[in-house]
Amino acid sequence: MELHGALNDFKRSQGDPRRFPGERRSTTGLFSGLDDRLVHVAPDGSISDYSYPLSGVAGIERSRFGLELDGETHWFEDGDQRYVEDTAVVETVHEVAGYSCTQYDLAVDHGHTTHFVLDDAATDIDASITACFGFAPEGRASRIGQLWHGDAVEIYHDSERDFVAASTDIDVSGQVPERFEELLEPEPAAFPRSEDDDRYEEARLSPITMVEFELTGSAPKATVATLLTETADRDDALERVRSNAMAHGDRESIVDAGHRQARDRLPDAAPGIDRGFADLRALCLLRSSTGARIAGPEFDPFYRYSGGYGYTWFRDDAEISRFLLDADERTGLGLESWHEASANFYADTQRPDGTWPHRVWPYNGRLAPGWANGRLEADNTADYQADQTASVAAFLATYLRRVDSGDERVHETLTSALEGMDATLADDGLPERVQNAWENMTGRFTHTTATFLEAYAAIARAPVDEDVAAHARAQATRVYEAFDDLWASERECYAMRLDGDDLDDRLDGSTLALASAHNEYDAIAAVDDERLDRLVSHVETTLDGLYRDPEGPIEGLARFEDDPWRLREQAEAKIWTVTTAWGAHAAVELRDLLDSNGHDRATEFDARARALLALVAPGGSLRRPGAYLPEQLFDDGTPDSATPLGWPHAIRLATASALEAADAVESSTVETSGRAASHE
């Protein structure tokens, strides 16, 4: 997003009770792109790239489409959208000037095609599409040039060169960006502008190009294609973009291409997981060819209200990796290549001290801007998120145990990660003062401690050298015993953190990680009865205390007690899909732990898991069009922040698979018991 776009949105959104002015939202519309290009299709049909973190090329900053009839352009406004079957093909239906015009969008590799068909139109109608594209090669809005190649346009700055072509003849013109005076006006500037500047060179020194192309055939139709490249062979790129436009000249060809792409990138189905394809599609949209994922599409590139989202965090990514591993093991999704790519990416990006940095660019693994890189800085401060290293270690240990026990590089990475964790574990068995999972405070956190317990226990279970396993087991026991220091007896739950000598006993959704951590620990050493009772009390107290059921269409869990973030005019903490899904998962994990230890309250947590899971399941009240889970929602159901967010989609998938696996076992037991009784 360039400054002109942020300023225009600021002008449009000022005073809106549910919008933060100056953002580039994806809370409406759908995404296409299961490869390295991620293209957003808004309800008005306009397309824009969120591709840079996944591919290293920036592409389309803004666009607009309109239907031209008898010399008058009718710009598309809000259309009806859906995905076509189990693909990433986006269908948008526009009702305009008495006609129904259907738009199909598909991004494959670095190319994108948009197909238009005028439904039920007379064969002799004179209709065309006017398309305006504002590109931002290398993220720039100035010092841009255009080359017009007759039937194609090239927009370039230096290394990035982007191309446009259509399946029918095109007319090309340039558009001059907003002038300084327009940007300072109180009203947002119109896009596209009505006139070019009077200087002849302006049309060729602009990131904005206008193309008009005719709709032809008995059912009037045409396709426009774009291609993003870096240091491209021009002739090859022109051939590719022209071929893309011609090869996708009808609906059938685009849908067929969408099915081929989905078969290549995703399982044919998600057996055993209720409509799991929607979660896998959302996760694949956020995934780079390296295997790393962005947290969500970047909606705040100027860091106006956050620190940005279009990066790979090792916490989010490793948690997603492990949840996918769990779901795959239960249901046979066939995600082995995903697991392997994740393990390799973590090995590639590990620091010499065994830890991982705050966040990186997913397309190349290089350090990205961040605020929690204390271990890279001279002072080695508390600005380090130790839970990220622990989350990666837990995944790698599980990967060795379940997928590839002979991967020597992963063995080396895991051993080094163990050393990195040891370096930040204090003598009392708790991790040192660090930043928390929500990245908004420092202290000695229950969540961080839980990730250490889970990671040490997972390493102890992994097929590693005996001395490594023994050391990990001993460290897990130290951490297990240290949890007593985090118990808030008055509230009968584990505190959010120790802040110096003060126990901050606020309820915190991230502490729900205690359930899975103790489940992992129980595989190497028994969880005692007192700890089981405390876990029951903690999970129950946390779920009850963070649960919100406001007047309106949604309900779910807040992030933590008295959370003030991104409230606008709302008085109470917003509902988060991450914590709601986490609550369901924690209830399942605690159910299993209690059941394996003969505790009489296991069935209660099964019921709680199912109730929470229903809120984030396909069709649940927290889902949005495209079956997306946004990070947060206002009480009236308006989504906010990163959409879709990968983390809750993965938690949902793993939790659903665990519940359905339990149902299958119970059904089999009942059936077997029934046959035995009948035989007798």
# chains A, B, ... in the order shown; residues from 1 in each chain; ligands from 1
call {"tool": "select_by_dssp", "arguments": {"residues": "segment 473-664 of chain A", "states": "strand (DSSP E or B)", "output": "PDB file with N, CA, C and O atoms, in the first residue's frame"}}
result
ATOM      1  N   TRP A 487       1.119 -20.225  40.314  1.00  0.00           N
ATOM      2  CA  TRP A 487      -0.248 -20.516  40.734  1.00  0.00           C
ATOM      3  C   TRP A 487      -0.808 -19.354  41.552  1.00  0.00           C
ATOM      4  O   TRP A 487      -0.204 -18.898  42.520  1.00  0.00           O
ATOM      5  N   ALA A 488      -1.971 -18.858  41.127  1.00  0.00           N
ATOM      6  CA  ALA A 488      -2.661 -17.779  41.841  1.00  0.00           C
ATOM      7  C   ALA A 488      -3.762 -18.418  42.680  1.00  0.00           C
ATOM      8  O   ALA A 488      -4.857 -18.706  42.180  1.00  0.00           O
ATOM      9  N   CYS A 493      -6.222 -20.366  39.585  1.00  0.00           N
ATOM     10  CA  CYS A 493      -5.782 -20.516  38.198  1.00  0.00           C
ATOM     11  C   CYS A 493      -4.315 -20.120  38.131  1.00  0.00           C
ATOM     12  O   CYS A 493      -3.750 -19.571  39.092  1.00  0.00           O
ATOM     13  N   TYR A 494      -3.703 -20.405  37.015  1.00  0.00           N
ATOM     14  CA  TYR A 494      -2.331 -19.965  36.801  1.00  0.00           C
ATOM     15  C   TYR A 494      -2.343 -18.519  36.303  1.00  0.00           C
ATOM     16  O   TYR A 494      -3.183 -18.135  35.487  1.00  0.00           O
ATOM     17  N   ARG A 497       1.504 -13.911  34.411  1.00  0.00           N
ATOM     18  CA  ARG A 497       2.961 -13.754  34.466  1.00  0.00           C
ATOM     19  C   ARG A 497       3.417 -13.405  35.869  1.00  0.00           C
ATOM     20  O   ARG A 497       2.641 -12.947  36.715  1.00  0.00           O
ATOM     21  N   LEU A 498       4.690 -13.585  36.083  1.00  0.00           N
ATOM     22  CA  LEU A 498       5.412 -12.962  37.182  1.00  0.00           C
ATOM     23  C   LEU A 498       6.058 -11.704  36.639  1.00  0.00           C
ATOM     24  O   LEU A 498       6.793 -11.747  35.647  1.00  0.00           O
ATOM     25  N   ASP A 499       5.773 -10.567  37.277  1.00  0.00           N
ATOM     26  CA  ASP A 499       6.363  -9.296  36.864  1.00  0.00           C
ATOM     27  C   ASP A 499       7.204  -8.804  38.025  1.00  0.00           C
ATOM     28  O   ASP A 499       6.707  -8.154  38.941  1.00  0.00           O
ATOM     29  N   ASP A 502       5.825  -9.477  41.611  1.00  0.00           N
ATOM     30  CA  ASP A 502       4.364  -9.395  41.589  1.00  0.00           C
ATOM     31  C   ASP A 502       3.782 -10.456  40.672  1.00  0.00           C
ATOM     32  O   ASP A 502       4.257 -10.671  39.549  1.00  0.00           O
ATOM     33  N   LEU A 503       2.731 -11.104  41.160  1.00  0.00           N
ATOM     34  CA  LEU A 503       2.024 -12.103  40.365  1.00  0.00           C
ATOM     35  C   LEU A 503       0.850 -11.415  39.666  1.00  0.00           C
ATOM     36  O   LEU A 503      -0.088 -10.952  40.323  1.00  0.00           O
ATOM     37  N   ASP A 504       0.934 -11.302  38.366  1.00  0.00           N
ATOM     38  CA  ASP A 504      -0.130 -10.706  37.556  1.00  0.00           C
ATOM     39  C   ASP A 504      -1.150 -11.805  37.267  1.00  0.00           C
ATOM     40  O   ASP A 504      -0.950 -12.649  36.395  1.00  0.00           O
ATOM     41  N   ASP A 508      -5.616 -15.160  30.954  1.00  0.00           N
ATOM     42  CA  ASP A 508      -4.918 -14.985  29.680  1.00  0.00           C
ATOM     43  C   ASP A 508      -5.173 -16.204  28.811  1.00  0.00           C
ATOM     44  O   ASP A 508      -4.875 -17.338  29.220  1.00  0.00           O
ATOM     45  N   TYR A 547     -14.967 -15.833  28.370  1.00  0.00           N
ATOM     46  CA  TYR A 547     -16.093 -16.028  27.455  1.00  0.00           C
ATOM     47  C   TYR A 547     -16.971 -14.788  27.420  1.00  0.00           C
ATOM     48  O   TYR A 547     -17.327 -14.226  28.465  1.00  0.00           O
ATOM     49  N   ARG A 548     -17.318 -14.359  26.216  1.00  0.00           N
ATOM     50  CA  ARG A 548     -18.183 -13.194  26.037  1.00  0.00           C
ATOM     51  C   ARG A 548     -19.337 -13.577  25.116  1.00  0.00           C
ATOM     52  O   ARG A 548     -19.121 -14.179  24.065  1.00  0.00           O
ATOM     53  N   GLY A 556     -17.752 -15.818  21.934  1.00  0.00           N
ATOM     54  CA  GLY A 556     -16.456 -16.489  21.914  1.00  0.00           C
ATOM     55  C   GLY A 556     -15.572 -15.969  23.026  1.00  0.00           C
ATOM     56  O   GLY A 556     -16.041 -15.334  23.977  1.00  0.00           O
ATOM     57  N   LEU A 557     -14.270 -16.213  22.905  1.00  0.00           N
ATOM     58  CA  LEU A 557     -13.316 -15.868  23.959  1.00  0.00           C
ATOM     59  C   LEU A 557     -12.538 -14.607  23.620  1.00  0.00           C
ATOM     60  O   LEU A 557     -12.087 -14.427  22.484  1.00  0.00           O
ATOM     61  N   ALA A 558     -12.380 -13.742  24.615  1.00  0.00           N
ATOM     62  CA  ALA A 558     -11.473 -12.603  24.487  1.00  0.00           C
ATOM     63  C   ALA A 558     -10.032 -13.092  24.590  1.00  0.00           C
ATOM     64  O   ALA A 558      -9.764 -14.239  24.944  1.00  0.00           O
ATOM     65  N   PHE A 560      -7.324 -11.659  26.509  1.00  0.00           N
ATOM     66  CA  PHE A 560      -6.969 -11.719  27.926  1.00  0.00           C
ATOM     67  C   PHE A 560      -7.814 -10.690  28.665  1.00  0.00           C
ATOM     68  O   PHE A 560      -8.469  -9.839  28.067  1.00  0.00           O
ATOM     69  N   ILE A 575     -13.737 -10.198  20.741  1.00  0.00           N
ATOM     70  CA  ILE A 575     -13.643 -11.659  20.637  1.00  0.00           C
ATOM     71  C   ILE A 575     -12.595 -12.004  19.599  1.00  0.00           C
ATOM     72  O   ILE A 575     -12.553 -11.416  18.516  1.00  0.00           O
ATOM     73  N   TRP A 576     -11.747 -12.963  19.931  1.00  0.00           N
ATOM     74  CA  TRP A 576     -10.658 -13.393  19.040  1.00  0.00           C
ATOM     75  C   TRP A 576     -10.912 -14.836  18.594  1.00  0.00           C
ATOM     76  O   TRP A 576     -11.266 -15.696  19.410  1.00  0.00           O
ATOM     77  N   ARG A 624     -16.424 -15.969   8.322  1.00  0.00           N
ATOM     78  CA  ARG A 624     -16.846 -14.917   7.418  1.00  0.00           C
ATOM     79  C   ARG A 624     -16.824 -15.448   5.988  1.00  0.00           C
ATOM     80  O   ARG A 624     -16.393 -16.580   5.750  1.00  0.00           O
ATOM     81  N   TYR A 628     -13.515 -17.757   5.991  1.00  0.00           N
ATOM     82  CA  TYR A 628     -12.342 -17.175   6.628  1.00  0.00           C
ATOM     83  C   TYR A 628     -12.585 -16.955   8.116  1.00  0.00           C
ATOM     84  O   TYR A 628     -13.685 -16.595   8.544  1.00  0.00           O
ATOM     85  N   GLN A 632      -9.916 -10.921  14.777  1.00  0.00           N
ATOM     86  CA  GLN A 632     -10.788 -10.367  15.804  1.00  0.00           C
ATOM     87  C   GLN A 632     -12.124  -9.979  15.194  1.00  0.00           C
ATOM     88  O   GLN A 632     -12.230  -9.775  13.983  1.00  0.00           O
ATOM     89  N   LEU A 633     -13.134  -9.800  16.069  1.00  0.00           N
ATOM     90  CA  LEU A 633     -14.425  -9.300  15.630  1.00  0.00           C
ATOM     91  C   LEU A 633     -14.984  -8.342  16.677  1.00  0.00           C
ATOM     92  O   LEU A 633     -14.833  -8.562  17.883  1.00  0.00           O
ATOM     93  N   PRO A 639     -15.786  -8.021  11.193  1.00  0.00           N
ATOM     94  CA  PRO A 639     -14.421  -8.563  11.336  1.00  0.00           C
ATOM     95  C   PRO A 639     -13.390  -7.448  11.343  1.00  0.00           C
ATOM     96  O   PRO A 639     -13.605  -6.376  10.770  1.00  0.00           O
ATOM     97  N   ASP A 640     -12.262  -7.706  11.973  1.00  0.00           N
ATOM     98  CA  ASP A 640     -11.198  -6.712  12.064  1.00  0.00           C
ATOM     99  C   ASP A 640      -9.852  -7.412  12.056  1.00  0.00           C
ATOM    100  O   ASP A 640      -9.739  -8.592  12.374  1.00  0.00           O
TER     101      ASP A 640
END
call {"tool": "residues_around", "arguments": {"residues": "Thr209 of chain A", "least_positions_apart": "2", "cutoff": "7 Å", "atoms": "only C-alpha atoms", "output": "PDB file with all heavy atoms, in the first residue's frame"}}
result
ATOM      1  N   CYS A 132      -8.627  -0.411 -15.074  1.00  0.00           N
ATOM      2  CA  CYS A 132      -7.583   0.506 -14.633  1.00  0.00           C
ATOM      3  C   CYS A 132      -6.744  -0.191 -13.574  1.00  0.00           C
ATOM      4  O   CYS A 132      -7.278  -0.672 -12.564  1.00  0.00           O
ATOM      5  CB  CYS A 132      -8.207   1.782 -14.077  1.00  0.00           C
ATOM      6  SG  CYS A 132      -6.991   3.041 -13.644  1.00  0.00           S
ATOM      7  N   PHE A 133      -5.448  -0.287 -13.805  1.00  0.00           N
ATOM      8  CA  PHE A 133      -4.531  -0.952 -12.877  1.00  0.00           C
ATOM      9  C   PHE A 133      -3.500   0.053 -12.372  1.00  0.00           C
ATOM     10  O   PHE A 133      -2.846   0.738 -13.176  1.00  0.00           O
ATOM     11  CB  PHE A 133      -3.765  -2.086 -13.563  1.00  0.00           C
ATOM     12  CG  PHE A 133      -4.622  -3.208 -14.067  1.00  0.00           C
ATOM     13  CD1 PHE A 133      -5.003  -3.260 -15.402  1.00  0.00           C
ATOM     14  CD2 PHE A 133      -5.043  -4.221 -13.221  1.00  0.00           C
ATOM     15  CE1 PHE A 133      -5.781  -4.294 -15.882  1.00  0.00           C
ATOM     16  CE2 PHE A 133      -5.833  -5.255 -13.688  1.00  0.00           C
ATOM     17  CZ  PHE A 133      -6.203  -5.301 -15.024  1.00  0.00           C
ATOM     18  N   GLY A 134      -3.331   0.116 -11.073  1.00  0.00           N
ATOM     19  CA  GLY A 134      -2.242   0.875 -10.487  1.00  0.00           C
ATOM     20  C   GLY A 134      -1.216  -0.087  -9.924  1.00  0.00           C
ATOM     21  O   GLY A 134      -1.479  -0.769  -8.925  1.00  0.00           O
ATOM     22  N   SER A 173      -3.990   3.419 -22.477  1.00  0.00           N
ATOM     23  CA  SER A 173      -3.664   4.804 -22.152  1.00  0.00           C
ATOM     24  C   SER A 173      -3.076   4.833 -20.753  1.00  0.00           C
ATOM     25  O   SER A 173      -3.249   3.891 -19.977  1.00  0.00           O
ATOM     26  CB  SER A 173      -4.908   5.701 -22.233  1.00  0.00           C
ATOM     27  OG  SER A 173      -5.897   5.265 -21.322  1.00  0.00           O
ATOM     28  N   GLY A 174      -2.375   5.897 -20.416  1.00  0.00           N
ATOM     29  CA  GLY A 174      -1.796   6.039 -19.087  1.00  0.00           C
ATOM     30  C   GLY A 174      -2.669   6.904 -18.202  1.00  0.00           C
ATOM     31  O   GLY A 174      -3.512   7.661 -18.683  1.00  0.00           O
ATOM     32  N   GLN A 175      -2.482   6.783 -16.931  1.00  0.00           N
ATOM     33  CA  GLN A 175      -3.206   7.574 -15.929  1.00  0.00           C
ATOM     34  C   GLN A 175      -2.193   8.223 -15.009  1.00  0.00           C
ATOM     35  O   GLN A 175      -1.309   7.554 -14.476  1.00  0.00           O
ATOM     36  CB  GLN A 175      -4.132   6.683 -15.117  1.00  0.00           C
ATOM     37  CG  GLN A 175      -5.521   6.555 -15.671  1.00  0.00           C
ATOM     38  CD  GLN A 175      -6.421   7.672 -15.165  1.00  0.00           C
ATOM     39  OE1 GLN A 175      -6.371   8.063 -14.005  1.00  0.00           O
ATOM     40  NE2 GLN A 175      -7.237   8.193 -16.061  1.00  0.00           N
ATOM     41  N   PRO A 207       2.585   4.675 -12.753  1.00  0.00           N
ATOM     42  CA  PRO A 207       2.305   3.279 -12.408  1.00  0.00           C
ATOM     43  C   PRO A 207       0.900   2.843 -12.811  1.00  0.00           C
ATOM     44  O   PRO A 207       0.552   1.676 -12.631  1.00  0.00           O
ATOM     45  CB  PRO A 207       2.445   3.263 -10.889  1.00  0.00           C
ATOM     46  CG  PRO A 207       2.027   4.631 -10.468  1.00  0.00           C
ATOM     47  CD  PRO A 207       2.494   5.559 -11.564  1.00  0.00           C
ATOM     48  N   VAL A 211      -6.655   0.005 -19.724  1.00  0.00           N
ATOM     49  CA  VAL A 211      -6.814  -0.828 -20.918  1.00  0.00           C
ATOM     50  C   VAL A 211      -8.300  -1.084 -21.137  1.00  0.00           C
ATOM     51  O   VAL A 211      -9.061  -1.288 -20.184  1.00  0.00           O
ATOM     52  CB  VAL A 211      -6.055  -2.168 -20.801  1.00  0.00           C
ATOM     53  CG1 VAL A 211      -4.560  -1.940 -20.664  1.00  0.00           C
ATOM     54  CG2 VAL A 211      -6.557  -2.993 -19.630  1.00  0.00           C
TER      55      VAL A 211
END
call {"tool": "closest_residue", "arguments": {"among": "A:Gln350, A:Thr541, A:Thr451, A:Gln570", "to": "Glu520 of chain A", "atoms": "only C-alpha atoms"}}
result
A:Thr451
call {"tool": "closest_residue", "arguments": {"among": "A:Val164, A:Leu376, A:Val403, A:Ala457", "to": "Glu336 of chain A", "atoms": "only C-alpha atoms"}}
result
A:Val403
call {"tool": "closest_residue", "arguments": {"among": "A:His4, A:Arg240, A:His248, A:Arg402", "to": "Arg140 of chain A", "atoms": "only C-alpha atoms"}}
result
A:His4
call {"tool": "residues_around", "arguments": {"residues": "Leu486 of chain A", "least_positions_apart": "3", "cutoff": "12 Å", "atoms": "only C-alpha atoms", "output": "PDB file with N, CA and C atoms, in the first residue's frame"}}
result
ATOM      1  N   ASP A 428      15.494 -21.183  38.609  1.00  0.00           N
ATOM      2  CA  ASP A 428      14.282 -21.614  39.300  1.00  0.00           C
ATOM      3  C   ASP A 428      13.361 -22.455  38.421  1.00  0.00           C
ATOM      4  N   GLY A 429      13.779 -22.735  37.186  1.00  0.00           N
ATOM      5  CA  GLY A 429      12.994 -23.589  36.311  1.00  0.00           C
ATOM      6  C   GLY A 429      12.004 -22.859  35.426  1.00  0.00           C
ATOM      7  N   LEU A 430      11.924 -21.540  35.547  1.00  0.00           N
ATOM      8  CA  LEU A 430      11.063 -20.737  34.677  1.00  0.00           C
ATOM      9  C   LEU A 430      11.911 -20.021  33.636  1.00  0.00           C
ATOM     10  N   PRO A 431      11.390 -19.811  32.431  1.00  0.00           N
ATOM     11  CA  PRO A 431      12.124 -18.997  31.459  1.00  0.00           C
ATOM     12  C   PRO A 431      12.367 -17.594  32.018  1.00  0.00           C
ATOM     13  N   GLY A 443       7.850 -10.136  30.904  1.00  0.00           N
ATOM     14  CA  GLY A 443       7.669 -10.783  32.200  1.00  0.00           C
ATOM     15  C   GLY A 443       8.076 -12.240  32.102  1.00  0.00           C
ATOM     16  N   ARG A 444       7.665 -12.998  33.092  1.00  0.00           N
ATOM     17  CA  ARG A 444       7.936 -14.438  33.106  1.00  0.00           C
ATOM     18  C   ARG A 444       6.566 -15.117  33.017  1.00  0.00           C
ATOM     19  N   PHE A 445       6.244 -15.563  31.839  1.00  0.00           N
ATOM     20  CA  PHE A 445       4.866 -15.886  31.489  1.00  0.00           C
ATOM     21  C   PHE A 445       4.546 -17.369  31.645  1.00  0.00           C
ATOM     22  N   THR A 446       3.302 -17.617  32.044  1.00  0.00           N
ATOM     23  CA  THR A 446       2.813 -18.989  32.097  1.00  0.00           C
ATOM     24  C   THR A 446       2.833 -19.610  30.705  1.00  0.00           C
ATOM     25  N   HIS A 447       2.436 -18.836  29.684  1.00  0.00           N
ATOM     26  CA  HIS A 447       2.417 -19.401  28.334  1.00  0.00           C
ATOM     27  C   HIS A 447       3.810 -19.799  27.889  1.00  0.00           C
ATOM     28  N   THR A 448       4.782 -18.926  28.086  1.00  0.00           N
ATOM     29  CA  THR A 448       6.158 -19.256  27.691  1.00  0.00           C
ATOM     30  C   THR A 448       6.626 -20.511  28.416  1.00  0.00           C
ATOM     31  N   THR A 449       6.320 -20.593  29.695  1.00  0.00           N
ATOM     32  CA  THR A 449       6.719 -21.761  30.484  1.00  0.00           C
ATOM     33  C   THR A 449       6.054 -23.025  29.950  1.00  0.00           C
ATOM     34  N   ALA A 450       4.795 -22.911  29.555  1.00  0.00           N
ATOM     35  CA  ALA A 450       4.091 -24.065  28.993  1.00  0.00           C
ATOM     36  C   ALA A 450       4.751 -24.537  27.702  1.00  0.00           C
ATOM     37  N   VAL A 479      10.916 -27.680  34.825  1.00  0.00           N
ATOM     38  CA  VAL A 479       9.869 -26.731  34.442  1.00  0.00           C
ATOM     39  C   VAL A 479       8.544 -27.133  35.081  1.00  0.00           C
ATOM     40  N   TYR A 480       8.239 -28.417  35.056  1.00  0.00           N
ATOM     41  CA  TYR A 480       6.991 -28.929  35.648  1.00  0.00           C
ATOM     42  C   TYR A 480       6.877 -28.503  37.107  1.00  0.00           C
ATOM     43  N   GLU A 481       7.948 -28.645  37.844  1.00  0.00           N
ATOM     44  CA  GLU A 481       7.929 -28.304  39.265  1.00  0.00           C
ATOM     45  C   GLU A 481       7.857 -26.795  39.489  1.00  0.00           C
ATOM     46  N   ALA A 482       8.371 -26.027  38.540  1.00  0.00           N
ATOM     47  CA  ALA A 482       8.411 -24.567  38.708  1.00  0.00           C
ATOM     48  C   ALA A 482       7.046 -23.915  38.550  1.00  0.00           C
ATOM     49  N   PHE A 483       6.077 -24.621  38.009  1.00  0.00           N
ATOM     50  CA  PHE A 483       4.759 -24.027  37.797  1.00  0.00           C
ATOM     51  C   PHE A 483       4.095 -23.607  39.115  1.00  0.00           C
ATOM     52  N   SER A 489      -3.488 -18.637  43.942  1.00  0.00           N
ATOM     53  CA  SER A 489      -4.382 -19.440  44.776  1.00  0.00           C
ATOM     54  C   SER A 489      -5.742 -18.783  44.976  1.00  0.00           C
ATOM     55  N   ARG A 491      -7.480 -17.002  42.915  1.00  0.00           N
ATOM     56  CA  ARG A 491      -8.339 -17.159  41.735  1.00  0.00           C
ATOM     57  C   ARG A 491      -8.404 -18.615  41.280  1.00  0.00           C
ATOM     58  N   GLU A 492      -7.594 -19.454  41.887  1.00  0.00           N
ATOM     59  CA  GLU A 492      -7.531 -20.875  41.542  1.00  0.00           C
ATOM     60  C   GLU A 492      -7.252 -21.078  40.054  1.00  0.00           C
ATOM     61  N   CYS A 493      -6.222 -20.366  39.585  1.00  0.00           N
ATOM     62  CA  CYS A 493      -5.782 -20.516  38.198  1.00  0.00           C
ATOM     63  C   CYS A 493      -4.315 -20.120  38.131  1.00  0.00           C
ATOM     64  N   TYR A 494      -3.703 -20.405  37.015  1.00  0.00           N
ATOM     65  CA  TYR A 494      -2.331 -19.965  36.801  1.00  0.00           C
ATOM     66  C   TYR A 494      -2.343 -18.519  36.303  1.00  0.00           C
ATOM     67  N   ALA A 495      -1.419 -17.735  36.795  1.00  0.00           N
ATOM     68  CA  ALA A 495      -1.371 -16.311  36.476  1.00  0.00           C
ATOM     69  C   ALA A 495      -0.894 -16.086  35.049  1.00  0.00           C
ATOM     70  N   MET A 496      -1.127 -14.878  34.582  1.00  0.00           N
ATOM     71  CA  MET A 496      -0.587 -14.493  33.289  1.00  0.00           C
ATOM     72  C   MET A 496       0.939 -14.485  33.326  1.00  0.00           C
ATOM     73  N   ARG A 497       1.504 -13.911  34.411  1.00  0.00           N
ATOM     74  CA  ARG A 497       2.961 -13.754  34.466  1.00  0.00           C
ATOM     75  C   ARG A 497       3.417 -13.405  35.869  1.00  0.00           C
ATOM     76  N   LEU A 498       4.690 -13.585  36.083  1.00  0.00           N
ATOM     77  CA  LEU A 498       5.412 -12.962  37.182  1.00  0.00           C
ATOM     78  C   LEU A 498       6.058 -11.704  36.639  1.00  0.00           C
ATOM     79  N   ASP A 499       5.773 -10.567  37.277  1.00  0.00           N
ATOM     80  CA  ASP A 499       6.363  -9.296  36.864  1.00  0.00           C
ATOM     81  C   ASP A 499       7.204  -8.804  38.025  1.00  0.00           C
ATOM     82  N   ASP A 501       8.498  -9.313  41.425  1.00  0.00           N
ATOM     83  CA  ASP A 501       7.984 -10.133  42.526  1.00  0.00           C
ATOM     84  C   ASP A 501       6.457 -10.179  42.542  1.00  0.00           C
ATOM     85  N   ASP A 502       5.825  -9.477  41.611  1.00  0.00           N
ATOM     86  CA  ASP A 502       4.364  -9.395  41.589  1.00  0.00           C
ATOM     87  C   ASP A 502       3.782 -10.456  40.672  1.00  0.00           C
ATOM     88  N   LEU A 503       2.731 -11.104  41.160  1.00  0.00           N
ATOM     89  CA  LEU A 503       2.024 -12.103  40.365  1.00  0.00           C
ATOM     90  C   LEU A 503       0.850 -11.415  39.666  1.00  0.00           C
ATOM     91  N   ASP A 504       0.934 -11.302  38.366  1.00  0.00           N
ATOM     92  CA  ASP A 504      -0.130 -10.706  37.556  1.00  0.00           C
ATOM     93  C   ASP A 504      -1.150 -11.805  37.267  1.00  0.00           C
ATOM     94  N   ASP A 505      -2.256 -11.800  38.036  1.00  0.00           N
ATOM     95  CA  ASP A 505      -3.169 -12.940  37.987  1.00  0.00           C
ATOM     96  C   ASP A 505      -4.333 -12.753  37.010  1.00  0.00           C
ATOM     97  N   ARG A 506      -4.174 -11.861  36.036  1.00  0.00           N
ATOM     98  CA  ARG A 506      -5.212 -11.730  35.016  1.00  0.00           C
ATOM     99  C   ARG A 506      -5.354 -13.029  34.218  1.00  0.00           C
ATOM    100  N   THR A 511      -2.533 -18.965  28.179  1.00  0.00           N
ATOM    101  CA  THR A 511      -2.236 -19.973  29.198  1.00  0.00           C
ATOM    102  C   THR A 511      -2.986 -21.274  28.958  1.00  0.00           C
ATOM    103  N   LEU A 514      -1.308 -24.719  28.564  1.00  0.00           N
ATOM    104  CA  LEU A 514      -0.958 -25.641  29.646  1.00  0.00           C
ATOM    105  C   LEU A 514      -1.522 -27.038  29.412  1.00  0.00           C
ATOM    106  N   ARG A 534      -5.523 -28.771  39.543  1.00  0.00           N
ATOM    107  CA  ARG A 534      -5.231 -27.374  39.227  1.00  0.00           C
ATOM    108  C   ARG A 534      -5.493 -27.072  37.747  1.00  0.00           C
ATOM    109  N   HIS A 538      -7.951 -24.336  36.368  1.00  0.00           N
ATOM    110  CA  HIS A 538      -7.412 -23.266  35.519  1.00  0.00           C
ATOM    111  C   HIS A 538      -8.166 -23.157  34.197  1.00  0.00           C
TER     112      HIS A 538
END
call {"tool": "residues_around", "arguments": {"residues": "His94 of chain A", "least_positions_apart": "3", "cutoff": "8 Å", "atoms": "only C-alpha atoms", "output": "list in words"}}
result
Asp44, Phe76, Glu77, Asp78, Gly79, Asp80, Ser100, Cys101, Thr102 and Gln103 of chain A
call {"tool": "closest_residue", "arguments": {"among": "A:Val468, A:Leu286, A:Ala292, A:Leu593", "to": "Trp361 of chain A", "atoms": "only C-alpha atoms"}}
result
A:Ala292
call {"tool": "select_by_dssp", "arguments": {"residues": "segment 550-650 of chain A", "states": "helix (DSSP H, G or I)", "output": "PyMOL selection string"}}
result
chain A and resi 577-596+602-616+625-627+646-650
call {"tool": "residues_around", "arguments": {"residues": "His149 of chain A", "least_positions_apart": "4", "cutoff": "9 Å", "atoms": "only C-alpha atoms", "output": "list in words"}}
result
Val153, Glu154 and Leu238 of chain A
call {"tool": "write_last_selection", "arguments": {"atoms": "N, CA, C and O atoms", "output": "mmCIF file, in the first residue's frame"}}
result
data_model
loop_
_atom_site.group_PDB
_atom_site.id
_atom_site.type_symbol
_atom_site.label_atom_id
_atom_site.label_comp_id
_atom_site.auth_asym_id
_atom_site.auth_seq_id
_atom_site.Cartn_x
_atom_site.Cartn_y
_atom_site.Cartn_z
ATOM 1 N N VAL A 153 1.009 -4.400 -22.101
ATOM 2 C CA VAL A 153 1.627 -3.268 -21.418
ATOM 3 C C VAL A 153 2.640 -3.802 -20.413
ATOM 4 O O VAL A 153 2.402 -4.815 -19.749
ATOM 5 N N GLU A 154 3.756 -3.125 -20.281
ATOM 6 C CA GLU A 154 4.801 -3.458 -19.311
ATOM 7 C C GLU A 154 4.990 -2.271 -18.373
ATOM 8 O O GLU A 154 5.179 -1.141 -18.835
ATOM 9 N N LEU A 238 6.282 -11.579 -22.149
ATOM 10 C CA LEU A 238 5.173 -11.192 -23.022
ATOM 11 C C LEU A 238 4.452 -12.417 -23.562
ATOM 12 O O LEU A 238 3.217 -12.447 -23.642
#
